[in-house]
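Peer 1: Input start_32.txt, format and content: compact mmCIF, C-alpha atoms and all ligand atoms.
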```txt
# COMPACT_ATOMS: atom_id res chain seq x y z
CA MET A 64 67.46 95.06 86.58
CA LYS A 65 69.94 92.91 84.59
CA VAL A 66 72.47 91.22 86.84
CA LYS A 67 75.71 89.80 85.44
CA LEU A 68 77.43 87.22 87.63
CA ASN A 69 80.84 85.70 87.06
CA VAL A 70 80.98 82.74 89.43
CA LYS A 71 84.02 80.63 90.28
CA ARG A 72 83.17 76.98 89.74
CA PHE A 73 84.88 73.83 90.97
CA ASP A 74 83.47 70.33 91.12
CA PRO A 75 85.94 67.67 92.26
CA GLU A 76 83.56 64.94 91.11
CA LYS A 77 83.96 66.16 87.54
CA GLY A 78 87.75 66.60 87.61
CA SER A 79 89.58 69.34 89.47
CA ARG A 80 89.33 72.14 86.88
CA VAL A 81 88.59 75.58 88.32
CA TYR A 82 86.83 77.98 85.96
CA PHE A 83 84.54 81.01 85.92
CA GLN A 84 81.00 80.76 84.60
CA LYS A 85 78.93 83.74 83.56
CA TYR A 86 75.21 84.07 84.24
CA GLU A 87 72.82 86.87 83.40
CA VAL A 88 69.52 87.14 85.25
CA ASP A 89 66.72 89.67 85.75
CA MET A 90 66.32 90.70 89.39
CA ASP A 91 64.42 93.18 91.50
CA ASP A 92 66.16 96.52 92.32
CA GLN A 93 66.61 95.55 95.96
CA ALA A 94 67.89 92.03 95.24
CA THR A 95 70.99 90.72 96.97
CA VAL A 96 73.84 88.70 95.48
CA LEU A 97 72.39 85.65 97.25
CA ASP A 98 68.97 86.28 95.67
CA ALA A 99 70.64 86.28 92.26
CA LEU A 100 72.53 83.05 93.01
CA ILE A 101 69.33 81.38 94.21
CA HIS A 102 67.60 82.52 91.02
CA VAL A 103 70.40 80.98 88.95
CA ARG A 104 70.15 77.70 90.87
CA GLU A 105 66.34 77.58 90.63
CA TYR A 106 65.90 78.59 86.99
CA VAL A 107 69.19 78.45 85.09
CA ASP A 108 71.72 75.99 86.49
CA PRO A 109 70.76 73.54 89.26
CA THR A 110 74.37 72.36 89.56
CA LEU A 111 75.56 75.65 91.14
CA ALA A 112 76.50 74.89 94.77
CA PHE A 113 76.50 77.37 97.67
CA ARG A 114 75.31 77.51 101.28
CA CYS A 115 72.51 79.64 102.65
CA SER A 116 69.72 79.45 105.15
CA CYS A 117 68.23 82.52 106.86
CA ARG A 118 68.69 85.07 104.02
CA SER A 119 68.70 87.72 106.78
CA ALA A 120 72.35 88.01 107.91
CA ILE A 121 71.68 85.87 110.97
CA CYS A 122 72.84 82.29 110.35
CA GLY A 123 76.30 83.06 108.91
CA SER A 124 76.13 80.38 106.24
CA CYS A 125 76.36 82.46 103.03
CA GLY A 126 79.94 83.77 103.42
CA MET A 127 81.58 84.26 100.02
CA ARG A 128 83.93 86.63 98.22
CA ILE A 129 82.15 89.28 96.22
CA ASN A 130 84.37 91.38 93.97
CA GLY A 131 87.39 90.20 95.92
CA MET A 132 86.08 90.92 99.42
CA ALA A 133 84.51 88.46 101.83
CA GLY A 134 81.00 89.09 103.08
CA LEU A 135 77.49 87.71 103.27
CA GLY A 136 75.72 87.14 99.97
CA CYS A 137 72.39 87.87 101.67
CA LYS A 138 73.55 91.22 103.03
CA THR A 139 75.17 92.49 99.84
CA LYS A 140 72.74 94.30 97.58
CA ILE A 141 73.41 94.15 93.86
CA PHE A 142 73.28 97.94 93.50
CA GLN A 143 76.03 98.29 96.13
CA VAL A 144 78.55 96.19 94.21
CA ALA A 145 77.42 96.85 90.64
CA PRO A 146 75.76 100.27 90.60
CA ASN A 147 76.04 100.57 86.83
CA GLY A 148 75.29 96.97 85.90
CA GLU A 149 78.93 95.85 86.09
CA GLU A 150 79.76 92.17 86.21
CA ILE A 151 79.94 90.81 89.78
CA ASN A 152 82.71 88.35 90.60
CA VAL A 153 81.60 85.72 93.10
CA GLU A 154 84.14 83.31 94.60
CA PRO A 155 84.38 80.99 97.59
CA MET A 156 85.90 82.37 100.80
CA GLY A 157 89.68 82.31 101.07
CA ASN A 158 92.00 80.53 103.52
CA MET A 159 89.71 77.49 103.55
CA LYS A 160 89.66 74.45 101.29
CA VAL A 161 87.03 74.64 98.56
CA LEU A 162 84.75 71.61 98.53
CA ARG A 163 82.61 72.62 95.57
CA ASP A 164 81.82 75.93 93.84
CA LEU A 165 81.18 78.41 96.70
CA ILE A 166 81.19 75.84 99.49
CA VAL A 167 84.29 75.71 101.69
CA ASP A 168 85.40 73.30 104.39
CA MET A 169 84.92 75.17 107.69
CA GLY A 170 86.74 72.46 109.72
CA MET A 171 89.82 74.61 110.34
CA PHE A 172 87.60 77.54 111.36
CA TRP A 173 85.84 75.46 114.03
CA ASP A 174 89.11 73.88 115.23
CA LYS A 175 90.45 77.34 116.00
CA ILE A 176 87.26 78.44 117.72
CA ARG A 177 87.42 75.29 119.88
CA ALA A 178 91.10 75.97 120.66
CA VAL A 179 90.26 79.15 122.59
CA GLU A 180 87.88 77.19 124.87
CA PRO A 181 84.79 79.27 124.12
CA TRP A 182 82.79 78.41 127.18
CA LEU A 183 82.49 79.95 130.63
CA GLN A 184 84.84 78.53 133.25
CA PRO A 185 83.68 80.03 136.54
CA THR A 186 85.50 79.27 139.77
CA GLY A 187 84.27 79.39 143.35
CA PRO A 188 81.01 78.10 144.70
CA GLU A 189 78.14 77.55 142.30
CA PRO A 190 75.47 80.21 142.71
CA GLU A 191 72.13 78.93 143.96
CA ARG A 192 70.31 80.01 140.81
CA GLU A 193 72.50 81.95 138.39
CA HIS A 194 75.53 84.24 138.14
CA ILE A 195 74.27 87.80 138.51
CA VAL A 196 76.40 90.52 136.93
CA PRO A 197 75.69 94.22 136.47
CA ASN A 198 74.36 95.13 133.01
CA GLN A 199 77.23 97.58 132.56
CA ALA A 200 79.78 94.76 132.82
CA MET A 201 78.20 92.98 129.87
CA ILE A 202 77.91 95.96 127.53
CA ASP A 203 81.45 95.62 126.13
CA LEU A 204 80.83 91.96 125.46
CA THR A 205 77.82 92.50 123.26
CA VAL A 206 80.03 93.55 120.33
CA ALA A 207 81.97 90.28 120.36
CA MET A 208 78.75 88.36 120.99
CA ASN A 209 77.36 89.61 117.67
CA CYS A 210 79.61 87.21 115.77
CA ILE A 211 77.58 84.83 113.59
CA MET A 212 80.56 82.61 112.70
CA CYS A 213 80.36 83.39 109.01
CA GLY A 214 84.12 83.04 108.44
CA SER A 215 84.48 86.26 106.40
CA CYS A 216 87.25 87.62 108.63
CA VAL A 217 89.17 84.34 108.41
CA SER A 218 88.73 84.33 104.64
CA ASP A 219 90.50 87.66 104.22
CA CYS A 220 93.03 87.53 107.09
CA THR A 221 96.45 88.22 105.60
CA VAL A 222 98.33 86.40 108.38
CA MET A 223 96.29 83.22 108.05
CA GLU A 224 97.21 83.20 104.39
CA VAL A 225 100.86 82.58 105.30
CA ASP A 226 100.68 81.12 108.81
CA LYS A 227 98.23 78.31 109.44
CA SER A 228 99.10 78.27 113.14
CA PHE A 229 97.55 81.72 113.73
CA LEU A 230 94.34 81.43 115.74
CA GLY A 231 92.85 84.12 113.56
CA PRO A 232 90.35 86.95 113.98
CA ALA A 233 87.15 84.98 114.63
CA ALA A 234 88.65 82.74 117.32
CA LEU A 235 90.42 85.63 119.04
CA ALA A 236 87.28 87.80 118.99
CA LYS A 237 85.52 84.86 120.64
CA ALA A 238 88.42 84.56 123.11
CA TYR A 239 87.92 88.20 124.11
CA ARG A 240 84.26 87.47 124.82
CA PHE A 241 85.42 85.20 127.68
CA VAL A 242 88.43 87.25 128.78
CA ASP A 243 86.09 90.15 129.45
CA ASP A 244 83.26 88.14 131.02
CA PRO A 245 83.19 88.88 134.77
CA ARG A 246 81.75 85.42 135.45
CA ASP A 247 84.83 83.62 134.09
CA GLY A 248 87.40 82.52 136.65
CA HIS A 249 90.35 81.77 134.34
CA THR A 250 91.03 85.16 132.80
CA GLU A 251 94.77 85.16 133.48
CA GLU A 252 95.28 81.58 132.22
CA ARG A 253 93.32 82.44 129.12
CA ILE A 254 95.41 85.54 128.41
CA GLU A 255 98.63 83.54 128.96
CA LYS A 256 97.42 80.98 126.47
CA TYR A 257 96.36 83.53 123.84
CA SER A 258 99.73 85.31 124.23
CA LYS A 259 101.65 82.28 122.93
CA PRO A 260 102.94 82.09 119.32
CA GLY A 261 99.97 81.89 116.96
CA GLY A 262 97.94 84.14 119.27
CA ILE A 263 97.23 87.81 119.84
CA TRP A 264 100.73 89.08 119.05
CA ASP A 265 100.79 87.57 115.55
CA CYS A 266 98.14 89.92 114.13
CA THR A 267 99.73 92.51 111.83
CA HIS A 268 96.88 95.06 112.05
CA CYS A 269 96.03 94.85 108.36
CA TYR A 270 92.43 95.81 109.17
CA PHE A 271 90.89 93.40 106.66
CA CYS A 272 88.88 91.56 109.31
CA VAL A 273 87.41 94.85 110.52
CA GLN A 274 86.52 95.84 106.98
CA VAL A 275 84.76 92.62 105.99
CA CYS A 276 82.96 91.65 109.21
CA PRO A 277 79.23 91.97 108.48
CA LYS A 278 78.32 92.28 112.17
CA ASP A 279 80.78 95.00 113.23
CA VAL A 280 82.61 92.72 115.63
CA ALA A 281 85.87 94.43 114.60
CA PRO A 282 88.00 91.37 115.47
CA MET A 283 91.29 93.27 115.27
CA ASP A 284 90.07 95.68 117.95
CA ARG A 285 89.13 92.72 120.14
CA ILE A 286 92.67 91.36 119.65
CA LEU A 287 94.06 94.73 120.75
CA ASP A 288 91.75 94.58 123.79
CA ILE A 289 93.28 91.24 124.82
CA ARG A 290 96.77 92.65 124.26
CA GLU A 291 95.94 95.52 126.58
CA ALA A 292 94.61 93.07 129.16
CA ALA A 293 97.84 91.05 128.81
CA LEU A 294 100.03 94.10 129.38
CA ASN A 295 97.90 95.20 132.34
CA ALA A 296 98.17 91.73 133.84
CA GLY A 297 101.97 91.84 133.46
CA ILE A 298 102.02 88.92 130.98
CA LYS A 299 105.12 90.09 129.15
CA ASN A 300 107.31 87.06 128.65
CA ASN A 301 106.71 86.85 124.93
CA ASN A 302 108.11 88.42 121.75
CA GLY A 303 104.98 90.44 121.01
CA SER A 304 104.87 92.17 124.35
CA ARG A 305 108.63 92.83 124.31
CA HIS A 306 108.29 94.21 120.76
CA SER A 307 105.56 96.57 121.89
CA ASP A 308 107.59 97.77 124.92
CA SER A 309 110.78 98.20 122.90
CA PHE A 310 108.95 100.13 120.17
CA ALA A 311 107.45 102.52 122.72
CA ASN A 312 110.74 102.93 124.63
CA SER A 313 112.82 103.78 121.60
CA VAL A 314 110.29 106.36 120.36
CA LYS A 315 110.07 107.81 123.86
CA ILE A 316 113.84 108.14 124.19
CA SER A 317 114.88 109.24 120.69
CA GLY A 318 111.67 110.38 119.00
CA TRP A 319 111.82 107.58 116.42
CA LEU A 320 112.17 103.84 116.05
CA ASP A 321 115.52 102.18 116.74
CA GLU A 322 115.17 99.15 114.45
CA GLY A 323 118.38 97.40 115.56
CA ARG A 324 117.41 97.57 119.21
CA LEU A 325 113.85 96.49 118.36
CA ALA A 326 115.04 93.25 116.75
CA VAL A 327 117.23 92.32 119.71
CA GLU A 328 114.87 93.38 122.48
CA SER A 329 111.82 91.73 120.87
CA HIS A 330 113.54 88.36 121.14
CA GLY A 331 114.46 88.98 124.74
CA TYR A 332 118.17 88.21 124.31
CA THR A 333 120.23 89.13 127.33
CA ASN A 334 123.77 87.99 126.45
CA ILE A 335 126.11 87.54 123.45
CA PRO A 336 125.70 83.74 122.96
CA GLU A 337 121.93 84.19 122.86
CA LEU A 338 122.40 86.73 120.07
CA LEU A 339 124.25 84.27 117.79
CA PRO A 340 121.10 82.96 116.05
CA LEU A 341 120.45 86.53 114.87
CA ILE A 342 123.71 86.63 112.87
CA PRO A 343 122.34 85.01 109.64
CA VAL A 344 119.35 87.38 109.75
CA GLY A 345 121.70 90.32 110.29
CA LEU A 346 123.81 89.23 107.30
CA ARG A 347 120.75 89.03 105.07
CA VAL A 348 119.62 92.47 106.23
CA MET A 349 123.10 93.83 105.52
CA MET A 350 123.25 92.29 102.03
CA ALA A 351 119.86 93.82 101.25
CA GLY A 352 121.25 97.22 102.29
CA LYS A 353 118.69 97.51 105.09
CA MET A 354 121.00 97.41 108.11
CA PRO A 355 120.13 100.32 110.42
CA SER A 356 122.99 102.52 111.60
CA PRO A 357 124.52 101.26 114.88
CA ILE A 358 124.42 104.83 116.14
CA HIS A 359 120.86 105.89 116.78
CA HIS A 360 120.66 109.69 116.95
CA LYS A 361 117.85 111.52 118.67
CA ARG A 362 115.48 113.34 116.33
CA PRO A 363 115.12 117.11 116.72
CA GLY A 364 112.17 117.74 119.03
CA SER A 365 112.45 114.32 120.68
CA LYS A 366 112.10 116.00 124.08
CA TYR A 367 108.50 116.91 123.13
CA VAL A 368 107.80 113.29 122.20
CA LYS A 369 109.16 112.28 125.59
CA GLN A 370 106.91 114.82 127.28
CA LEU A 371 103.91 113.34 125.48
CA PHE A 372 104.81 109.88 126.77
CA GLU A 373 105.26 111.18 130.31
CA LYS A 374 101.92 112.93 130.15
CA LEU A 375 100.20 109.76 128.98
CA GLU A 376 101.94 107.67 131.61
CA GLY A 377 100.58 110.10 134.18
S1 LIG A 401 93.95 92.72 111.47
FE1 LIG A 401 95.03 90.91 112.24
S2 LIG A 401 93.47 89.35 112.57
FE2 LIG A 401 92.56 90.98 111.32
S3 LIG A 401 92.81 90.27 109.22
FE3 LIG A 401 94.61 91.54 109.67
S4 LIG A 401 96.18 90.15 110.48
FE4 LIG A 401 94.21 89.04 110.48
S1 LIG A 402 83.95 88.14 113.57
FE1 LIG A 402 82.57 88.93 111.98
S2 LIG A 402 83.47 88.21 110.07
FE2 LIG A 402 84.39 87.01 111.70
S3 LIG A 402 83.15 85.18 111.83
FE3 LIG A 402 82.30 86.65 113.29
S4 LIG A 402 80.72 87.75 112.18
FE4 LIG A 402 81.93 86.69 110.66
S1 LIG A 403 71.83 83.16 104.54
FE1 LIG A 403 72.05 83.35 106.69
S2 LIG A 403 73.58 84.86 106.88
FE2 LIG A 403 73.18 84.80 104.76
```
Starting from the file, lay out its structure as structure tokens.
Ligand code: SF4
Ligand code: SF4
Ligand code: FES
Peer 2:
Amino acid sequence: MKVKLNVKRFDPEKGSRVYFQKYEVDMDDQATVLDALIHVREYVDPTLAFRCSCRSAICGSCGMRINGMAGLGCKTKIFQVAPNGEEINVEPMGNMKVLRDLIVDMGMFWDKIRAVEPWLQPTGPEPEREHIVPNQAMIDLTVAMNCIMCGSCVSDCTVMEVDKSFLGPAALAKAYRFVDDPRDGHTEERIEKYSKPGGIWDCTHCYFCVQVCPKDVAPMDRILDIREAALNAGIKNNNGSRHSDSFANSVKISGWLDEGRLAVESHGYTNIPELLPLIPVGLRVMMAGKMPSPIHHKRPGSKYVKQLFEKLEG
């Protein structure tokens, strides 16, 4: 099978020019993108730089963007991405600094993982031998534990693209692994910490991390799990939680979203002087013709929406 690769190249030692280089190689039908890159490096161009180790989707080192989506080179079969012999675009992962060709600097990735304190912090007396927990209590954790730290979710996270302070999908999926571990003694402190700006409430549910994760960790779902834990624990003194409550309340009462109320309630303002910082935002909204009506009418049938809420609330 003929494989056409179009690989993004960058070598700071030879000037900072970024360019695409095309390669054409003959590969087996079952070959992966990584196999093709290794073939290129072995037989065509020894200067091509990329990371890999296990070639079995275990070590997490071959994260890259293939046809615009992050993933593992060793898990992506050629026939999946180029069924009719199309050219395959291969680029380094996003949201991380490129060091050379397909190799990125993972420093920021590890800093964020470290920031969630990814180690058990039990309290109480040390057990004589080990902490025993029922199997059932660990089942939920196994999903988050599948993470191989490949960085694909971070590469394609749309929030990290614009906000470097966001902890991001990989770190927050790891955070969940400890929030939900019955042996950990600092669950509430952890949730408080992850609820701060840059944490769980900054995810915009774009779903990219779920789509690209090669190990089905579904980081966004893990973020939603921590949010649920935060709400259940009554950790609500933050914009995200207030936003969620206000959203639900306005739909419950009127059958649809009251955008004006949402903006005010999300910030937790309680009096007129506290509302003053919102004035410039309000003016911009008004000039853009997006100001919601100050009178928020109920939608026809809103009583049925309310009934649904009441049923769910039990
Ligand atoms: S769902 Fe959230 S964490 Fe996942 S990629 Fe989108 S913004 Fe990032
Ligand atoms: S959550 Fe998935 S995509 Fe993100 S680092 Fe872990 S394995 Fe990779
Ligand atoms: S080489 Fe180890 S995950 Fe791809």
Peer 1: For ligand LIG 402 (chain A), which residue out of A:Ala311, A:Ile316, A:Cys269, A:Ala238 is the nearest one, using all atoms listed in the file?
Peer 2: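 Comparing A:Ala311, A:Ile316, A:Cys269, A:Ala238 against ligand LIG 402 (chain A), the winner is A:Ala238.
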Peer 1: Which residues of chain A sit at most 10 Å from ligand LIG 403 (chain A), using only C-alpha atoms and all ligand atoms? Give each one's shortest atom pair and distance in Å (one decimal place), in chain and ascending residue order, as CSV.
Peer 2:
```
residue,atom,partner,partner_atom,distance
A:Leu97,CA,A:LIG403,FE2,7.6
A:Asp98,CA,A:LIG403,S1,9.8
A:Arg114,CA,A:LIG403,S1,7.4
A:Cys115,CA,A:LIG403,S1,4.1
A:Ser116,CA,A:LIG403,S1,4.3
A:Cys117,CA,A:LIG403,FE1,3.9
A:Arg118,CA,A:LIG403,S1,3.7
A:Ser119,CA,A:LIG403,FE1,5.5
A:Ala120,CA,A:LIG403,S2,3.5
A:Ile121,CA,A:LIG403,S2,4.6
A:Cys122,CA,A:LIG403,FE1,3.9
A:Gly123,CA,A:LIG403,S2,3.8
A:Ser124,CA,A:LIG403,FE1,5.1
A:Cys125,CA,A:LIG403,FE2,4.3
A:Gly126,CA,A:LIG403,FE2,7.0
A:Met127,CA,A:LIG403,FE2,9.7
A:Gly134,CA,A:LIG403,FE2,9.1
A:Leu135,CA,A:LIG403,FE2,5.4
A:Gly136,CA,A:LIG403,FE2,5.9
A:Cys137,CA,A:LIG403,FE2,4.4
A:Lys138,CA,A:LIG403,FE2,6.7
A:Thr139,CA,A:LIG403,FE2,9.3
A:Ile211,CA,A:LIG403,S2,7.8
A:Met212,CA,A:LIG403,S2,9.4
A:Cys213,CA,A:LIG403,S2,7.3
A:Pro277,CA,A:LIG403,S2,9.2
```
Peer 1: Would you please work out which residue, of A:Met349, A:Ile151, A:Ile141, A:Asp247, is nearest to Lys85 (chain A) when using all atoms listed in the file?
Peer 2: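 Among the listed residues, the smallest separation from Lys85 (chain A) belongs to A:Ile151.
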Peer 1: In the coordinate frame of the file, compute which residues have an atom within 10 Å of (114.2, 114.1, 121.3) when using all atoms listed in the file, and state them as an MDAnalysis selection string.
Peer 2: chainID A and resid 314:319 360:370
Peer 1: Could those selected residues go to a file with C-alpha atoms, as a short mmCIF file (atom, residue, chain, number, x, y, z; two decimals), in the frame of the given file?
Peer 2:
```
data_model
loop_
_atom_site.label_atom_id
_atom_site.label_comp_id
_atom_site.auth_asym_id
_atom_site.auth_seq_id
_atom_site.Cartn_x
_atom_site.Cartn_y
_atom_site.Cartn_z
CA VAL A 314 110.29 106.36 120.36
CA LYS A 315 110.07 107.81 123.86
CA ILE A 316 113.84 108.14 124.19
CA SER A 317 114.88 109.24 120.69
CA GLY A 318 111.67 110.38 119.00
CA TRP A 319 111.82 107.58 116.42
CA HIS A 360 120.66 109.69 116.95
CA LYS A 361 117.85 111.52 118.67
CA ARG A 362 115.48 113.34 116.33
CA PRO A 363 115.12 117.11 116.72
CA GLY A 364 112.17 117.74 119.03
CA SER A 365 112.45 114.32 120.68
CA LYS A 366 112.10 116.00 124.08
CA TYR A 367 108.50 116.91 123.13
CA VAL A 368 107.80 113.29 122.20
CA LYS A 369 109.16 112.28 125.59
CA GLN A 370 106.91 114.82 127.28
#
```
Peer 1: So which one's closest to ligand LIG 401 (chain A), A:Asp284, A:Asp74, A:Glu193, A:Glu251? Using all atoms listed in the file, please.
Peer 2: A:Asp284
Peer 1: Write out as a list in words each polymer residue (protein, DNA or RNA) that has an atom no more than 6 Å from ligand LIG 401 (chain A), with all atoms listed in the file counted.
Peer 2: Cys220, Thr221, Val222, Gly231, Pro232, Cys266, Thr267, His268, Cys269, Tyr270, Phe271, Cys272 and Met283 of chain A
Peer 1: Go through the chains and note each residue within 9 Å of ligand LIG 402 (chain A), using all atoms listed in the file, then give the set as a PyMOL selection string.
Peer 2: chain A and resi 123+126+133-135+172+207-218+232-237+272-282
Peer 1: Have a look at A:Ser228, A:His249, A:Pro340, A:Asp243 and name the one nearest to Gly262 (chain A); count all atoms listed in the file.
Peer 2: A:Ser228
Peer 1: Once you count all atoms listed in the file, which residues end up no further than 9 Å from (91.6, 82.1, 100.8) in the file's frame, shown as a list in words?
Peer 2: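 Residues with an atom close enough to that point: Pro155, Met156, Gly157, Asn158, Met159, Lys160, Val217, Ser218, Asp219, Cys220, Met223 and Glu224 of chain A.
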Peer 1: Could you tell me how far CA of Glu376 (chain A) lies from CA of Pro355 (chain A), in Å and to one decimal?
Peer 2: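 We find that CA of Glu376 (chain A) and CA of Pro355 (chain A) lie 28.9 Å from each other.
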Peer 1: Contacts of region 195-198 of chain A at 9 Å or less, counting all atoms listed in the file, minus same-chain residues fewer than 3 places along, as number ranges by chain?
Peer 2: A: 190, 201-202, 245-246
Peer 1: Those residues you just picked out, can you put them in a file as a PDB file, in the coordinates of the input with C-alpha atoms?
Peer 2:
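Saved the output as selection.pdb:
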```pdb
ATOM      1  CA  PRO A 190      75.470  80.210 142.710  1.00  0.00           C
ATOM      2  CA  MET A 201      78.200  92.980 129.870  1.00  0.00           C
ATOM      3  CA  ILE A 202      77.910  95.960 127.530  1.00  0.00           C
ATOM      4  CA  PRO A 245      83.190  88.880 134.770  1.00  0.00           C
ATOM      5  CA  ARG A 246      81.750  85.420 135.450  1.00  0.00           C
TER       6      ARG A 246
END
```
